[in-house]
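Step one of this worksheet: look at the structure below.
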Amino acid sequence: MGAAPDTRRPDTRETTDRVASGRPVGAGISGYGDLAPPLLENGYEPLPIIPREKRPALSRWTSCPVDSDAVETWSRQFPGHSVGLRTGALVGLDIDVLDPDRAHEVQALAEHRFGATLIRVGLWPKRLLLYRTVVPFGKLKAGQVEFLGAGQQFVAFGTHPGTGQPYYWPEGETPLDVPLSDLPTLDAASAGSFLAELGGGLTKPVSIRRGTCRPEDRGTGQIERNAQGLVTDGRDSWLSSIAFHAVHDALAMGATLDACSLAAGVWNWFCSTADLDRPRKAGGRDYGLADALTKVTDKLRLLSEGRLPSRDTATPEPDHELPTLNADEGRTRLRELLESFAAQVRDWHAGDQFDVPALGIRATVGLGKSHMSRTVLLKLQQDLRAAGQPHRLFVFVPSHALAEEAAAEWTAAGAATAVLRGYGRKHPVSGEPMCRDLDMVKMAIAARLPVHETACSSAAGRCRLFEACEKQQNRREVAAADVVVAPYDTLFSGLSFEKDDVALLVIDEACWPRAIEQQNDLTIDAILAEPVSGLGRGGIERSGVAATADLVAYRERLTTALKANGAGPLKRSALLAGRLTADDARHAARLERARVDAPSLHPGMTIAERRKAMDVTGDTERAEQLAGLWTAVARFLEAGSALSGAIRLGTAATGFDQCIEVRQVRSLHESLRGRPVLHLDATLRPDLARLVLPGLQVEEIEVAAPHMRVRQVVGSFGKSMLCQAPGLTPEEAKRRENRLGECVDYVRWQAAIHRNERVLVVTYKAVEQAFQGIPGVETAHFNAVAGLDAFKDVRQLIVIGRPMPGTNDLEAMVGACFDHVGRGSYEKLRAGLRSQSGQPVSMPVLRHTDERAELLRRAICDDELVQVVGRGRGVNRTADDPLDVHILADVALSLVYDEITVWEAVKPDLFQRMLLAGLAVDSPGDAAVLHTTLFTSSNQAKQAFEAALFKCQTPMYDSYREMTLKSAAYRRAGRGRGWQCAWWIGDDLGATMRARIERALGHVAGWGEE
């Protein structure tokens, strides 16, 4: 940029004066020869840096000693060079973020976590904070935030190559003033946890919603930059943002709030970060110091009025409390609740209590809810039988497989138990179909007729397969059983009782998801196309002609309203404009059902009779669909809301009819209503449970798991990162394959740590197979583990991914459950976590901005992960039998976390991958020969070593990342060969490793095990 009048450029004269913004103008102008000796004396490792660049002037600078002799030599060789500081014991937190709000947020969090420290600025708002560590560690980077560690460096004093201005220290003090030993300390674990709190160094701001303020108050308009990083568009907003932070910086430093002094600093910042080679759009004039003064004055006015927005981002509180009960106390409370409920059931059956008992217990997984409830309920059953009251227990579980497992447990407890098996199932022992005439069963269901009387046995006859039917044998077993176990679907299809002797219903785990249904095979034009004949048979209050005319009119009004509505949620205004009322809709539903006769179905029908009946059955099914639509319309009009979440119109393609989607929650079948209910669920959410079980009273029992250690790994582990999908580019497919491979190596490493112990991996069904075959590892997938007890003694449980519902799926469920149109979207918001240390911790997670959608998201995603973690029965572990839980997902669960870190800090590195391949060596050339699947050539191996291990500074000792290592030194035969190091894990002997090296590299002249 060329020279310009003083009103456009800051004074660049060399001075030690500081403007009120805190920027020491001209700081860092001295050279290496002057600055290096005092920096060395203060404990730092100064390196000469090529002027106006960021790279050292030395070769092998990562490993060479930095002592007084070296500094003296370099001071003579490079007296005027810039000065860099090598990191290792020194750690630099590099905030490479151009969003000033985000940069400040990262800095504020660092100061809160580690303490206030020295700050260096090159191109504002980027900045670098200085810390120290006792045990050096390699770089840790997540997004645009990086901890500079062993083998790296940064420029401390010199000229920034982009701005042409000196690097400066806005707090006034520099490493010349503060020795290394006085810097705040951190370690690799706390650094990884810090990056996790940032959400992997995301570039988009994440914040807590606190209310609203005008964008211009903070200067948060759209900013665009050129290739040099200078702001080109949105410069006015950028200037406003600088002024906003300048005022806050002055407040934080206790400086005088003088508008002119602040404006000078703001103008200085603006000139070094914005493109000033073109004038402002408004008025065509150049930017000048007066513009900075205007912005500062505006911010000071807002401050005086108490309206200047805060830039603080306090750590949000977790939305769950720490458990206060231990396992024994939790079990005592559980027994109290169960026995109190049993007493209420006894009183109700005796007529001494009017309200039907309905209790939901949300209790931590592993307390023994199922076992204890069996004990209490079997005692209740004895009492009811002795009193001549209904005594049979009906237990409902998520699946047929779990029904068989639960039945075995009830049988072992001494109960006469039977599993209610569906017509379409196979017998678990014989493998024979339960029913061999499923076509008749399906017709009965479609016609809304009782299956047994319609397809199996009635006064009209019997099915020809009746006597040998497995289903009929199952019916007899169920009729004789004191305890009947059935899958959830039975809650909505119902049961037929020869004798109503049901004492209560027991529902294990959440049943509400099974109640959601969606019908989308209706179209607008099909409403008018359906026949209206058959309304003269009676059963309605008007004559056939009048009823037919009513139904035709109702249909015409509805189709007119639906077409006028357009795609999207059904609008109340469209129905009212069509002159439809809730009474009209309910009347129309009755007429739809009345216009068709029930098909004449009976057991033993011939093929010809079935063909004829199928046509009638189809008419009945369509009539029920239309009646269901009318009923949904009536409910919507009665509710009074402007938009329906339960009824939605699809987009009509050219030449095609418009689809009608009807969403709803099925009610408990009438045969099961009005009976006592015990609902046991570790993740019970009352608002969702009551969709199916209205009137449910809920009690919670949360128990601590002191011997369960939880590691949260923040990264990207969604389906779009791990799972293949149709239509992917080869590059994207390879990226997902590589990411999945990293996760597999992570599991392999953990399994090696826990050799001879069980490790469970739970992930997406699509990638579960990738983890199978790893020694000691068992696998499962999401939504298939609730209620399982087979993993209660695993040593480690690894969760990879999260079952996050898609936006469209979530919208449909919100409509079905609440007849609500979900608004908003997924956003990254900061959530508080409970840490074992008690320190406030937070991390950005995906949350839905619509309250009801977020309730469902948590139930589907977070609660499933809690169920998965519960498979390890953490509350039952002891110091001799601990459980390690690793959660590789960006979620905030109601757990207590021992460690929070980022994937970049724990994913298998180059040495781990060599160790997993059998042998790690510190020679790139040897590694390329030993590991042809990891390296394509010796040169590529050398580059990989330099990138991963910082110029061959190998971080390998007797142990590495919780793994005990074996090692040896070896020297290949031949002149000039030096000694190299080899490491391995497992039980292999050194002789085996030597033989492996010799097979690949030739004769080993020297070998020494360490």
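Residue numbering restarts at 1 for every chain of the structure tokens, chains are lettered A, B, ... in their displayed order, and ligands are numbered from 1 as they appear.
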Give me the residues within 6 Å of segment 489-494 of chain A as an mmCIF file with all heavy atoms, in the first residue's frame, counting only C-alpha atoms and dropping any in the same chain fewer than 6 places off.
```cif
data_model
loop_
_atom_site.group_PDB
_atom_site.id
_atom_site.type_symbol
_atom_site.label_atom_id
_atom_site.label_comp_id
_atom_site.auth_asym_id
_atom_site.auth_seq_id
_atom_site.Cartn_x
_atom_site.Cartn_y
_atom_site.Cartn_z
ATOM 1 N N LEU A 668 -52.956 -46.068 23.597
ATOM 2 C CA LEU A 668 -52.992 -47.394 24.190
ATOM 3 C C LEU A 668 -54.300 -48.073 23.785
ATOM 4 O O LEU A 668 -55.364 -47.444 23.798
ATOM 5 C CB LEU A 668 -52.912 -47.256 25.709
ATOM 6 C CG LEU A 668 -52.453 -48.445 26.527
ATOM 7 C CD1 LEU A 668 -51.008 -48.782 26.219
ATOM 8 C CD2 LEU A 668 -52.622 -48.143 28.021
ATOM 9 N N HIS A 669 -54.234 -49.339 23.393
ATOM 10 C CA HIS A 669 -55.432 -50.041 22.931
ATOM 11 C C HIS A 669 -56.493 -50.074 24.038
ATOM 12 O O HIS A 669 -56.181 -50.180 25.221
ATOM 13 C CB HIS A 669 -55.089 -51.464 22.493
ATOM 14 C CG HIS A 669 -56.183 -52.131 21.730
ATOM 15 N ND1 HIS A 669 -57.167 -52.879 22.348
ATOM 16 C CD2 HIS A 669 -56.458 -52.155 20.405
ATOM 17 C CE1 HIS A 669 -57.996 -53.352 21.433
ATOM 18 N NE2 HIS A 669 -57.590 -52.928 20.243
ATOM 19 N N SER A 671 -58.380 -52.235 25.078
ATOM 20 C CA SER A 671 -58.395 -53.419 25.945
ATOM 21 C C SER A 671 -57.407 -53.306 27.097
ATOM 22 O O SER A 671 -57.475 -54.086 28.057
ATOM 23 C CB SER A 671 -58.083 -54.678 25.119
ATOM 24 O OG SER A 671 -56.757 -54.621 24.598
#
```
Out of segment 455-579 of chain A, which residues get helix (DSSP H, G or I) from DSSP, as a count of residues only? 55
Out of A:Leu85, A:Met721, A:Ala108, A:Cys271, which residue has the shortest atom-to-atom distance to Leu123 of chain A when counting only C-alpha atoms? A:Cys271
Skip segment 350-352 of chain A itself and residues of its chain fewer than 5 positions away, then list as a compact mmCIF listing (two decimals) with all heavy atoms, in the first residue's frame all residues within 9 Å of it, counting only C-alpha atoms.
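Printed below is out.txt as written:
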```txt
# COMPACT_ATOMS: atom_id res chain seq x y z
N GLN A 344 -50.72 -49.63 46.54
CA GLN A 344 -51.77 -48.88 45.84
C GLN A 344 -52.56 -49.78 44.90
O GLN A 344 -53.79 -49.67 44.79
CB GLN A 344 -51.15 -47.72 45.07
CG GLN A 344 -50.52 -46.64 45.93
CD GLN A 344 -49.86 -45.57 45.08
OE1 GLN A 344 -50.38 -45.18 44.04
NE2 GLN A 344 -48.70 -45.10 45.52
N VAL A 345 -51.86 -50.70 44.22
CA VAL A 345 -52.55 -51.61 43.31
C VAL A 345 -53.49 -52.53 44.10
O VAL A 345 -54.63 -52.79 43.68
CB VAL A 345 -51.53 -52.43 42.51
CG1 VAL A 345 -52.23 -53.51 41.67
CG2 VAL A 345 -50.70 -51.52 41.61
N ALA A 387 -56.71 -62.98 47.57
CA ALA A 387 -57.90 -62.16 47.82
C ALA A 387 -58.96 -62.34 46.75
O ALA A 387 -60.01 -61.68 46.79
CB ALA A 387 -57.50 -60.69 47.91
N GLN A 389 -58.69 -61.52 43.65
CA GLN A 389 -58.65 -60.38 42.75
C GLN A 389 -57.90 -60.75 41.47
O GLN A 389 -57.15 -61.74 41.44
CB GLN A 389 -57.94 -59.20 43.42
CG GLN A 389 -58.57 -58.74 44.72
CD GLN A 389 -59.90 -58.06 44.51
OE1 GLN A 389 -60.30 -57.78 43.38
NE2 GLN A 389 -60.62 -57.82 45.60
```
Which residues are close to Pro840 of chain A, i.e. within 8 Å by only C-alpha atoms, leaving aside same-chain residues fewer than 4 positions away? Reply as an NGL selection string. :A and (315 or 317 or 832-835)
Compile the contact shell of Ala468 of chain A as a ChimeraX atom specification: residues with an atom at most 12 Å away, counting only C-alpha atoms, same-chain residues fewer than 5 positions apart removed. /A:432-436,456,463,473-474
DSSP strand (DSSP E) residues within segment 544-667 of chain A, as a list of chain:residue names: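 Put together, the selection reads A:Gly568, A:Pro569, A:Leu570, A:Lys571, A:Leu643, A:Ser644, A:Gly645, A:Ala646, A:Ile647, A:Arg648, A:Leu649, A:Cys659, A:Ile660, A:Glu661, A:Val662, A:Arg663, A:Gln664, A:Val665.
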What gap, in Å, lies between atom CA of Ile507 of chain A and atom CA of Lys369 of chain A?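 Rounded to one decimal, the two atoms are 11.7 Å apart.
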Do a neighbour search on segment 521-531 of chain A at 6 Å with only C-alpha atoms, toss out local chain neighbours closer than 4 positions, and write the hits as a count of residues only. 4
Counting only C-alpha atoms, closest pick from A:Leu591, A:Ala770, A:Ile49, A:Val794 relative to Gly158 of chain A is A:Ile49
Select, from A:Leu195, A:Gln769, A:Glu517, A:Ala246, the residue with the minimum atom-to-atom distance to Gln712 of chain A, counting only C-alpha atoms.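 Comparing A:Leu195, A:Gln769, A:Glu517, A:Ala246 against Gln712 of chain A, the winner is A:Leu195.
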Which neighbours of Ala588 of chain A fall inside 10 Å, counting only C-alpha atoms, when residues of the same chain fewer than 3 positions from it are skipped, and could you give them as a PyMOL selection string? chain A and resi 547+550-555+582-585+591-594+626-627+629-631+634
Just-selected residues, N, CA and C atoms written as a PDB file, in the first residue's frame:
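Output contents, as saved in selection-v5.pdb:
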```pdb
ATOM      1  N   ALA A 547     -77.101 -38.050   3.507  1.00  0.00           N
ATOM      2  CA  ALA A 547     -75.770 -38.341   4.021  1.00  0.00           C
ATOM      3  C   ALA A 547     -74.742 -38.326   2.898  1.00  0.00           C
ATOM      4  N   ASP A 550     -74.035 -34.809   2.048  1.00  0.00           N
ATOM      5  CA  ASP A 550     -73.170 -34.207   3.065  1.00  0.00           C
ATOM      6  C   ASP A 550     -71.709 -34.589   2.832  1.00  0.00           C
ATOM      7  N   LEU A 551     -71.470 -35.892   2.591  1.00  0.00           N
ATOM      8  CA  LEU A 551     -70.085 -36.350   2.444  1.00  0.00           C
ATOM      9  C   LEU A 551     -69.445 -35.744   1.201  1.00  0.00           C
ATOM     10  N   VAL A 552     -70.200 -35.658   0.101  1.00  0.00           N
ATOM     11  CA  VAL A 552     -69.669 -35.046  -1.119  1.00  0.00           C
ATOM     12  C   VAL A 552     -69.302 -33.582  -0.849  1.00  0.00           C
ATOM     13  N   ALA A 553     -70.179 -32.865  -0.134  1.00  0.00           N
ATOM     14  CA  ALA A 553     -69.919 -31.456   0.155  1.00  0.00           C
ATOM     15  C   ALA A 553     -68.690 -31.303   1.055  1.00  0.00           C
ATOM     16  N   TYR A 554     -68.614 -32.152   2.067  1.00  0.00           N
ATOM     17  CA  TYR A 554     -67.457 -32.075   2.957  1.00  0.00           C
ATOM     18  C   TYR A 554     -66.157 -32.321   2.193  1.00  0.00           C
ATOM     19  N   ARG A 555     -66.169 -33.326   1.341  1.00  0.00           N
ATOM     20  CA  ARG A 555     -64.947 -33.648   0.580  1.00  0.00           C
ATOM     21  C   ARG A 555     -64.552 -32.502  -0.338  1.00  0.00           C
ATOM     22  N   ALA A 582     -64.925 -28.153  13.110  1.00  0.00           N
ATOM     23  CA  ALA A 582     -64.538 -29.411  13.751  1.00  0.00           C
ATOM     24  C   ALA A 582     -65.706 -30.394  13.744  1.00  0.00           C
ATOM     25  N   ASP A 583     -66.933 -29.906  13.942  1.00  0.00           N
ATOM     26  CA  ASP A 583     -68.110 -30.795  13.910  1.00  0.00           C
ATOM     27  C   ASP A 583     -68.287 -31.397  12.523  1.00  0.00           C
ATOM     28  N   ASP A 584     -68.048 -30.577  11.483  1.00  0.00           N
ATOM     29  CA  ASP A 584     -68.136 -31.098  10.114  1.00  0.00           C
ATOM     30  C   ASP A 584     -67.140 -32.245   9.921  1.00  0.00           C
ATOM     31  N   ALA A 585     -65.919 -32.032  10.402  1.00  0.00           N
ATOM     32  CA  ALA A 585     -64.880 -33.037  10.205  1.00  0.00           C
ATOM     33  C   ALA A 585     -65.215 -34.329  10.936  1.00  0.00           C
ATOM     34  N   LEU A 591     -69.215 -40.653   8.503  1.00  0.00           N
ATOM     35  CA  LEU A 591     -69.784 -41.020   7.202  1.00  0.00           C
ATOM     36  C   LEU A 591     -68.808 -41.886   6.402  1.00  0.00           C
ATOM     37  N   GLU A 592     -67.518 -41.579   6.470  1.00  0.00           N
ATOM     38  CA  GLU A 592     -66.531 -42.381   5.740  1.00  0.00           C
ATOM     39  C   GLU A 592     -66.572 -43.834   6.209  1.00  0.00           C
ATOM     40  N   ARG A 593     -66.683 -44.017   7.525  1.00  0.00           N
ATOM     41  CA  ARG A 593     -66.702 -45.388   8.053  1.00  0.00           C
ATOM     42  C   ARG A 593     -68.037 -46.080   7.736  1.00  0.00           C
ATOM     43  N   ALA A 594     -69.109 -45.301   7.680  1.00  0.00           N
ATOM     44  CA  ALA A 594     -70.431 -45.904   7.484  1.00  0.00           C
ATOM     45  C   ALA A 594     -70.690 -46.312   6.039  1.00  0.00           C
ATOM     46  N   LEU A 626     -59.285 -42.214   5.233  1.00  0.00           N
ATOM     47  CA  LEU A 626     -59.978 -40.932   5.115  1.00  0.00           C
ATOM     48  C   LEU A 626     -60.587 -40.517   6.450  1.00  0.00           C
ATOM     49  N   ALA A 627     -61.134 -41.484   7.191  1.00  0.00           N
ATOM     50  CA  ALA A 627     -61.687 -41.164   8.505  1.00  0.00           C
ATOM     51  C   ALA A 627     -60.591 -40.648   9.426  1.00  0.00           C
ATOM     52  N   LEU A 629     -57.915 -38.991   8.474  1.00  0.00           N
ATOM     53  CA  LEU A 629     -57.613 -37.624   8.046  1.00  0.00           C
ATOM     54  C   LEU A 629     -58.644 -36.660   8.621  1.00  0.00           C
ATOM     55  N   TRP A 630     -59.939 -37.021   8.495  1.00  0.00           N
ATOM     56  CA  TRP A 630     -60.993 -36.149   9.022  1.00  0.00           C
ATOM     57  C   TRP A 630     -60.831 -35.954  10.534  1.00  0.00           C
ATOM     58  N   THR A 631     -60.490 -37.018  11.246  1.00  0.00           N
ATOM     59  CA  THR A 631     -60.318 -36.914  12.702  1.00  0.00           C
ATOM     60  C   THR A 631     -59.158 -35.984  13.043  1.00  0.00           C
ATOM     61  N   ALA A 634     -60.315 -32.483  12.585  1.00  0.00           N
ATOM     62  CA  ALA A 634     -61.171 -32.062  13.697  1.00  0.00           C
ATOM     63  C   ALA A 634     -60.340 -31.677  14.917  1.00  0.00           C
TER      64      ALA A 634
END
```
